[in-house]
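**Student:** Dropping in target.cif, which is mmCIF, C-alpha atoms:
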data_structure
loop_
_atom_site.label_atom_id
_atom_site.label_comp_id
_atom_site.auth_asym_id
_atom_site.auth_seq_id
_atom_site.Cartn_x
_atom_site.Cartn_y
_atom_site.Cartn_z
CA MET A 1 10.31 25.37 42.60
CA ILE A 2 11.10 21.68 42.45
CA ALA A 3 9.35 19.51 45.03
CA SER A 4 11.75 17.57 47.18
CA ALA A 5 11.07 13.85 47.39
CA CYS A 6 11.06 14.21 51.18
CA ARG A 7 8.80 17.24 51.37
CA THR A 8 5.25 16.71 52.56
CA PRO A 9 3.05 19.59 51.52
CA MET A 10 0.70 20.81 54.20
CA LEU A 11 -2.20 23.17 54.63
CA ARG A 12 -2.87 24.47 58.14
CA ILE A 13 -6.37 25.74 58.73
CA ALA A 14 -8.47 26.34 61.84
CA ARG A 15 -11.36 23.94 62.43
CA THR A 16 -13.84 26.82 62.26
CA GLN A 17 -12.59 27.83 58.82
CA PHE A 18 -12.49 24.23 57.64
CA ASP A 19 -16.12 23.83 58.73
CA GLU A 20 -16.99 27.08 56.98
CA ILE A 21 -15.70 25.72 53.67
CA ARG A 22 -17.76 22.57 54.12
CA ARG A 23 -20.85 24.55 55.13
CA HIS A 24 -20.51 26.67 51.98
CA SER A 25 -20.39 23.51 49.88
CA GLU A 26 -23.70 22.31 51.42
CA GLU A 27 -25.39 25.68 50.96
CA THR A 28 -24.71 25.80 47.22
CA TYR A 29 -25.55 22.14 46.52
CA PRO A 30 -26.31 20.91 43.88
CA HIS A 31 -24.02 23.59 42.47
CA GLU A 32 -20.28 23.90 42.96
CA CYS A 33 -19.20 26.49 45.50
CA CYS A 34 -15.87 28.32 45.33
CA GLY A 35 -13.75 30.63 47.38
CA VAL A 36 -10.31 31.89 48.29
CA LEU A 37 -7.97 30.99 51.13
CA LEU A 38 -5.81 33.82 52.48
CA GLY A 39 -2.90 33.61 54.86
CA GLN A 40 0.86 33.22 54.82
CA MET A 41 3.56 30.72 54.07
CA ASP A 42 5.29 29.18 57.07
CA GLN A 43 8.29 27.49 55.45
CA GLU A 44 6.61 24.81 53.30
CA THR A 45 3.21 25.05 55.00
CA ARG A 46 0.38 27.24 53.76
CA VAL A 47 -1.30 28.72 56.81
CA VAL A 48 -4.85 29.94 56.31
CA THR A 49 -5.89 32.94 58.37
CA SER A 50 -9.09 33.84 56.55
CA VAL A 51 -11.51 32.32 54.09
CA ALA A 52 -13.47 34.31 51.52
CA ARG A 53 -16.54 33.01 49.74
CA CYS A 54 -16.77 33.88 46.06
CA GLY A 55 -19.47 33.74 43.47
CA ASN A 56 -19.42 31.05 40.80
CA THR A 57 -19.70 32.82 37.45
CA ARG A 58 -20.38 29.55 35.61
CA SER A 59 -24.13 30.05 35.72
CA ASP A 60 -24.31 27.97 32.53
CA SER A 61 -22.97 24.84 34.22
CA PRO A 62 -22.72 25.38 37.99
CA HIS A 63 -23.32 21.73 38.85
CA ASN A 64 -19.94 20.68 37.47
CA ARG A 65 -17.91 23.83 36.80
CA TYR A 66 -16.74 26.88 38.71
CA HIS A 67 -15.00 30.12 37.85
CA ILE A 68 -14.10 33.05 40.10
CA ASP A 69 -14.36 36.57 38.69
CA PRO A 70 -10.82 38.03 38.54
CA ARG A 71 -12.20 41.28 39.96
CA GLU A 72 -13.08 39.43 43.16
CA LEU A 73 -9.53 38.16 43.33
CA ILE A 74 -8.13 41.64 42.83
CA ARG A 75 -10.31 42.98 45.64
CA LEU A 76 -9.51 40.10 47.98
CA GLN A 77 -5.82 40.37 47.23
CA ARG A 78 -5.86 44.11 47.94
CA GLU A 79 -7.86 43.75 51.15
CA GLY A 80 -5.73 40.81 52.24
CA ARG A 81 -2.53 42.74 51.69
CA GLU A 82 -3.78 45.42 54.12
CA ARG A 83 -4.05 42.67 56.73
CA GLY A 84 -0.69 41.13 55.86
CA GLU A 85 -2.32 38.21 54.05
CA ASP A 86 -1.63 36.68 50.66
CA ILE A 87 -3.70 34.33 48.55
CA VAL A 88 -2.51 30.84 49.56
CA GLY A 89 -5.19 28.72 47.94
CA PHE A 90 -8.69 28.15 46.68
CA TYR A 91 -11.57 25.84 47.43
CA HIS A 92 -14.49 24.43 45.55
CA SER A 93 -16.92 21.54 45.83
CA HIS A 94 -17.88 18.49 43.81
CA PRO A 95 -21.60 17.75 44.11
CA ASP A 96 -22.12 13.98 44.20
CA HIS A 97 -18.57 13.42 43.02
CA PRO A 98 -15.36 12.46 44.84
CA ALA A 99 -13.15 15.01 46.53
CA ARG A 100 -10.41 14.32 44.00
CA TRP A 101 -9.13 16.66 41.36
CA SER A 102 -10.44 16.16 37.85
CA PRO A 103 -8.58 16.68 34.56
CA THR A 104 -10.49 19.95 34.31
CA ASP A 105 -9.32 21.00 37.77
CA LEU A 106 -5.72 20.42 36.72
CA SER A 107 -5.92 21.98 33.27
CA GLU A 108 -7.48 25.13 34.71
CA ALA A 109 -5.20 25.42 37.74
CA HIS A 110 -2.50 28.06 37.29
CA TRP A 111 -1.58 29.30 40.77
CA ILE A 112 1.50 27.21 41.29
CA GLY A 113 2.47 26.87 44.93
CA CYS A 114 -1.11 27.31 46.13
CA SER A 115 -3.49 24.82 47.69
CA TYR A 116 -6.61 23.58 45.94
CA VAL A 117 -9.17 22.26 48.43
CA ILE A 118 -12.04 20.11 47.22
CA THR A 119 -15.11 18.96 49.19
CA SER A 120 -17.38 16.19 47.98
CA VAL A 121 -21.04 16.79 48.73
CA GLU A 122 -23.23 13.73 48.69
CA GLY A 123 -26.95 14.29 48.65
CA GLY A 124 -26.48 17.74 50.10
CA LYS A 125 -24.16 16.71 52.94
CA ALA A 126 -20.44 17.50 52.95
CA ALA A 127 -18.49 14.26 52.89
CA ASP A 128 -14.72 14.32 52.29
CA THR A 129 -12.51 17.39 52.10
CA ASN A 130 -9.10 16.94 50.54
CA SER A 131 -6.36 19.37 49.68
CA PHE A 132 -3.85 19.36 46.86
CA GLU A 133 -0.82 21.50 46.20
CA LEU A 134 -0.32 22.72 42.66
CA ALA A 135 3.34 21.81 42.27
CA GLY A 136 5.76 22.31 39.40
CA SER A 137 7.54 25.17 37.75
CA GLY A 138 5.10 26.06 35.01
CA GLU A 139 2.30 24.93 32.71
CA HIS A 140 4.47 22.22 31.19
CA ASP A 141 5.09 20.27 34.41
CA LYS A 142 2.34 21.34 36.80
CA ARG A 143 0.67 18.65 38.85
CA LEU A 144 -1.70 18.44 41.81
CA ILE A 145 -0.23 16.46 44.67
CA ASP A 146 -1.91 15.25 47.81
CA GLU A 147 -1.50 17.60 50.71
CA LYS A 148 -2.04 16.99 54.41
CA ILE A 149 -4.61 19.16 56.15
CA ASP A 150 -3.55 20.21 59.63
CA LEU A 151 -6.54 21.39 61.61
CA GLY A 152 -4.39 23.54 63.88
CA MET B 153 4.77 55.48 37.43
CA SER B 154 2.12 52.79 37.39
CA LYS B 155 2.08 49.71 39.63
CA ILE B 156 1.84 46.15 38.41
CA SER B 157 0.45 43.72 40.94
CA ILE B 158 2.23 40.35 40.75
CA PRO B 159 0.21 37.24 41.73
CA THR B 160 1.60 34.98 44.42
CA PRO B 161 2.88 32.19 42.13
CA LEU B 162 4.88 34.60 39.96
CA ARG B 163 6.59 36.64 42.68
CA GLN B 164 9.55 34.27 42.79
CA TYR B 165 10.30 35.41 39.22
CA ALA B 166 9.92 39.09 40.07
CA GLY B 167 12.46 39.35 42.85
CA LYS B 168 9.80 38.23 45.36
CA GLN B 169 7.99 41.52 44.90
CA ALA B 170 4.22 41.82 45.21
CA THR B 171 4.20 44.98 43.09
CA VAL B 172 6.57 46.38 40.49
CA GLU B 173 6.54 50.02 39.45
CA VAL B 174 7.06 50.83 35.79
CA LYS B 175 6.89 53.87 33.60
CA ALA B 176 4.75 53.13 30.56
CA GLY B 177 2.22 54.66 28.24
CA THR B 178 0.27 51.49 27.47
CA VAL B 179 -0.41 48.12 29.02
CA ALA B 180 1.86 46.54 26.41
CA GLU B 181 4.71 48.84 27.35
CA ALA B 182 4.17 48.14 31.04
CA LEU B 183 4.30 44.37 30.56
CA THR B 184 7.26 44.62 28.19
CA THR B 185 9.12 46.66 30.77
CA LEU B 186 8.17 44.17 33.47
CA VAL B 187 9.54 41.15 31.58
CA SER B 188 12.65 43.04 30.51
CA GLN B 189 13.37 43.74 34.18
CA HIS B 190 12.40 40.18 35.18
CA PRO B 191 13.02 37.90 32.18
CA ASP B 192 11.98 34.73 34.00
CA LEU B 193 8.42 36.05 33.99
CA ARG B 194 8.19 35.95 30.23
CA ARG B 195 7.46 32.25 29.76
CA HIS B 196 4.80 32.37 32.46
CA LEU B 197 2.96 35.28 30.88
CA TYR B 198 3.55 34.72 27.18
CA THR B 199 3.40 31.82 24.74
CA ASP B 200 6.34 30.97 22.53
CA GLU B 201 4.63 33.01 19.82
CA GLY B 202 4.70 36.10 22.03
CA ARG B 203 1.01 36.22 22.88
CA LEU B 204 -0.36 36.61 26.39
CA ARG B 205 -1.37 33.19 27.69
CA SER B 206 -5.09 32.64 27.51
CA PHE B 207 -5.47 32.16 31.26
CA VAL B 208 -3.63 35.39 32.12
CA ASN B 209 -6.14 38.14 32.87
CA VAL B 210 -4.84 41.69 32.85
CA TYR B 211 -6.81 44.41 34.57
CA LEU B 212 -6.24 48.15 34.43
CA ASN B 213 -7.64 49.36 37.72
CA ASP B 214 -10.93 47.41 37.76
CA GLU B 215 -11.35 46.91 34.03
CA ASP B 216 -10.38 43.85 32.02
CA VAL B 217 -8.18 45.21 29.22
CA ARG B 218 -9.86 42.78 26.78
CA TYR B 219 -12.86 45.10 26.96
CA LEU B 220 -10.78 48.26 26.67
CA GLN B 221 -8.09 48.52 24.03
CA LYS B 222 -6.40 45.27 25.01
CA GLU B 223 -2.65 45.71 25.31
CA ALA B 224 -2.88 49.07 23.57
CA THR B 225 -4.89 50.42 26.50
CA PRO B 226 -3.34 53.71 27.67
CA VAL B 227 -1.87 53.79 31.15
CA LYS B 228 -1.53 56.88 33.33
CA ASP B 229 0.64 57.56 36.35
CA ASP B 230 -0.79 55.99 39.49
CA ASP B 231 -2.80 53.46 37.46
CA SER B 232 -2.85 49.95 38.83
CA ILE B 233 -2.29 46.96 36.54
CA SER B 234 -3.20 43.55 37.94
CA ILE B 235 -2.03 40.23 36.53
CA VAL B 236 -4.55 37.60 37.58
CA PRO B 237 -4.27 33.99 36.42
CA SER B 238 -7.68 32.39 36.03
CA ILE B 239 -9.27 30.41 38.85
CA ALA B 240 -11.57 27.75 37.47
CA GLY B 241 -12.22 24.05 37.33
CA GLY B 242 -14.84 21.59 38.39
CA ARG B 243 -15.71 17.94 38.41
CA CYS B 244 -16.45 18.01 34.69
CA ASP B 245 -14.05 15.52 33.15
CA PHE B 246 -14.92 15.68 29.51
CA GLY B 247 -11.93 17.89 28.72
CA PHE B 248 -14.28 20.61 27.52
CA HIS B 249 -12.73 24.04 27.69
CA ASP B 250 -15.07 26.98 27.94
CA PRO B 251 -14.16 29.42 25.16
CA ARG B 252 -14.85 32.25 27.58
CA LEU B 253 -11.75 31.15 29.50
CA GLN B 254 -9.58 31.21 26.41
CA HIS B 255 -9.84 34.71 25.09
CA ASP B 256 -7.32 35.45 22.41
CA HIS B 257 -4.90 38.23 23.11
CA PRO B 258 -3.84 39.72 19.75
#
Using structure tokens, write down the structure that the file contains.
**Tutor:**
Amino acid sequence: MIASACRTPMLRIARTQFDEIRRHSEETYPHECCGVLLGQMDQETRVVTSVARCGNTRSDSPHNRYHIDPRELIRLQREGRERGEDIVGFYHSHPDHPARWSPTDLSEAHWIGCSYVITSVEGGKAADTNSFELAGSGEHDKRLIDEKIDLG
Amino acid sequence: MSKISIPTPLRQYAGKQATVEVKAGTVAEALTTLVSQHPDLRRHLYTDEGRLRSFVNVYLNDEDVRYLQKEATPVKDDDSISIVPSIAGGRCDFGFHDPRLQHDHP
């Protein structure tokens, strides 16, 4: 998929689910939290209908790295499909670090067309939450672009 | 027939299907059949040298095939094969790549 110059990527998520992501980030501080966003596509908008917390398997470096066990993804994907949901994105937190994607976030992002939501947690309190769409057509041209969050 | 579960970002290259049924005796045969039916998937799953990309996890039912017989793992009818690109990242910006996320697929 090639991003149109006029297209504004958007993530639509209920306030309660948005707050849940931020709460998760505070609970795991000073470690990074992570989870999955499930829902559907509505034209160019990713619509979140449920949020699933996941474990961070990077027990060796949880303060600055996260990794979700693929078996959790398989289970969530299967359960989501029964509800008519697909994986539309992921979230994680940056303890005492901006809610901006890092080079590591980009190099290890592979779900093109999905949203990557990042929350900065400063001194244990959730600060900013930003979302980015992983755009491009493959590993060679993938990029994370700013995405509007619609608290609908 | 076994079912291959296609992750969201790759469905556009698999006729928009979430699952593809194939007849195969091994994981390698299943994936080969998949990319022969949907050639646009090949570059997303394999390197130019023909190896599975390091971030592509392949599960047979609930087992990572790396810990079974890799792509030689036998497949039975009604088995479920899942293709799951890695989900990872973090604020670390040193460009360090965890070797655990870059398993070699022979």
**Student:** Using only C-alpha atoms, which of B:Val208, B:Pro237, B:Leu220, B:Ala182 sits nearest B:Thr160?
**Tutor:**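 The shortest atom-to-atom distance to B:Thr160 comes from B:Pro237.
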**Student:** Give me the result of the PyMOL selection byres ((chain B and resi 156) around 10) on this file, residue by residue, as a list of chain:residue names.
**Tutor:**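 That expression, the PyMOL selection byres ((chain B and resi 156) around 10), corresponds here to B:Met153, B:Ser154, B:Lys155, B:Ser157, B:Ile158, B:Pro159, B:Ala170, B:Thr171, B:Val172, B:Glu173, B:Val174, B:Val179, B:Ala182, B:Leu183, B:Leu186, B:Val210, B:Tyr211, B:Leu212, B:Asp231, B:Ser232, B:Ile233, B:Ser234, B:Ile235.
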**Student:** Can you tell me how far atom CA of B:Lys228 sits from atom CA of B:His190, in Å to one decimal?
**Tutor:**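 Rounded to one decimal, the two atoms are 21.8 Å apart.
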**Student:** Report, in Å to a single decimal, how far apart atom CA of A:Pro70 and atom CA of A:Val36 are.
**Tutor:**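 Going from atom CA of A:Val36 over to atom CA of A:Pro70 covers 11.5 Å.
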**Student:** Per residue of chain A within 6 Å of chain B, note the shortest atom pair and the distance in Å to one decimal, counting all atoms listed in the file, and order the rows by chain and increasing residue number, as a Markdown table.
**Tutor:**
| residue | atom | partner | partner_atom | distance |
| --- | --- | --- | --- | --- |
| A:Asn64 | CA | B:Arg243 | CA | 5.1 |
| A:Arg65 | CA | B:Gly242 | CA | 4.1 |
| A:Tyr66 | CA | B:Ala240 | CA | 5.4 |
| A:His67 | CA | B:Ala240 | CA | 4.2 |
| A:Ile68 | CA | B:Ile239 | CA | 5.6 |
| A:His94 | CA | B:Arg243 | CA | 5.8 |
| A:Ser102 | CA | B:Arg243 | CA | 5.6 |
| A:Pro103 | CA | B:Asp245 | CA | 5.8 |
| A:Thr104 | CA | B:Gly241 | CA | 5.4 |
| A:Asp105 | CA | B:Gly241 | CA | 4.2 |
| A:Glu108 | CA | B:Gly241 | CA | 5.5 |
| A:Trp111 | CA | B:Pro161 | CA | 5.5 |
| A:Ile112 | CA | B:Pro161 | CA | 5.2 |
**Student:** As a ChimeraX atom specification, please: the residues near A:Arg22 (cut-off 8 Å, only C-alpha atoms, same-chain neighbours under 2 positions excluded).
**Tutor:** /A:18-20,24-26,119,126,129
**Student:** List the neighbours of A:Leu37 out to 9 Å using all atoms listed in the file; skip same-chain residues closer than 4 positions along the sequence, and give me the result as a PDB file with C-alpha atoms, in the frame of the given file.
**Tutor:**
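This is the output file result37.pdb:
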ATOM      1  CA  VAL A  48      -4.850  29.940  56.310  1.00  0.00           C
ATOM      2  CA  THR A  49      -5.890  32.940  58.370  1.00  0.00           C
ATOM      3  CA  SER A  50      -9.090  33.840  56.550  1.00  0.00           C
ATOM      4  CA  VAL A  51     -11.510  32.320  54.090  1.00  0.00           C
ATOM      5  CA  ALA A  52     -13.470  34.310  51.520  1.00  0.00           C
ATOM      6  CA  ARG A  53     -16.540  33.010  49.740  1.00  0.00           C
ATOM      7  CA  ASP A  86      -1.630  36.680  50.660  1.00  0.00           C
ATOM      8  CA  ILE A  87      -3.700  34.330  48.550  1.00  0.00           C
ATOM      9  CA  VAL A  88      -2.510  30.840  49.560  1.00  0.00           C
ATOM     10  CA  GLY A  89      -5.190  28.720  47.940  1.00  0.00           C
ATOM     11  CA  PHE A  90      -8.690  28.150  46.680  1.00  0.00           C
ATOM     12  CA  TYR A  91     -11.570  25.840  47.430  1.00  0.00           C
ATOM     13  CA  SER A 115      -3.490  24.820  47.690  1.00  0.00           C
TER      14      SER A 115
END
**Student:** Here is a test: counting only C-alpha atoms, which residue of A:Gln40, A:Ser131, A:Ser137, A:Ser59 is nearest to A:Gly84?
**Tutor:**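 Using only C-alpha atoms, A:Gly84 sits closest to A:Gln40.
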**Student:** Tell me which residues the PyMOL selection byres ((chain B and resi 227) around 6) grabs here, as a ChimeraX atom specification.
**Tutor:** /B:177-178,226,228
**Student:** Do you know which residues the PyMOL selection byres ((chain A and resi 6-11) around 12) returns on this file, as a VMD selection string?
**Tutor:** chain A and resid 2 to 5 12 to 14 18 37 to 49 88 to 90 113 to 117 130 to 135 144 to 152
**Student:** Please report the interatomic distance between atom CA of A:Gly55 and atom CA of A:Cys34 in Å with one decimal.
**Tutor:**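 Computed distance, atom CA of A:Gly55 to atom CA of A:Cys34, equals 6.8 Å.
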**Student:** Given all atoms listed in the file as the basis, pick out the residue of B:Asp230, B:Ala224, B:Arg194, B:Asp200 nearest to B:Ala180.
**Tutor:** B:Ala224
**Student:** Could you check which of A:Arg83, A:Arg78, A:His63, A:His110 is closest to A:Glu32, using only C-alpha atoms?
**Tutor:**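 Using only C-alpha atoms, A:Glu32 sits closest to A:His63.
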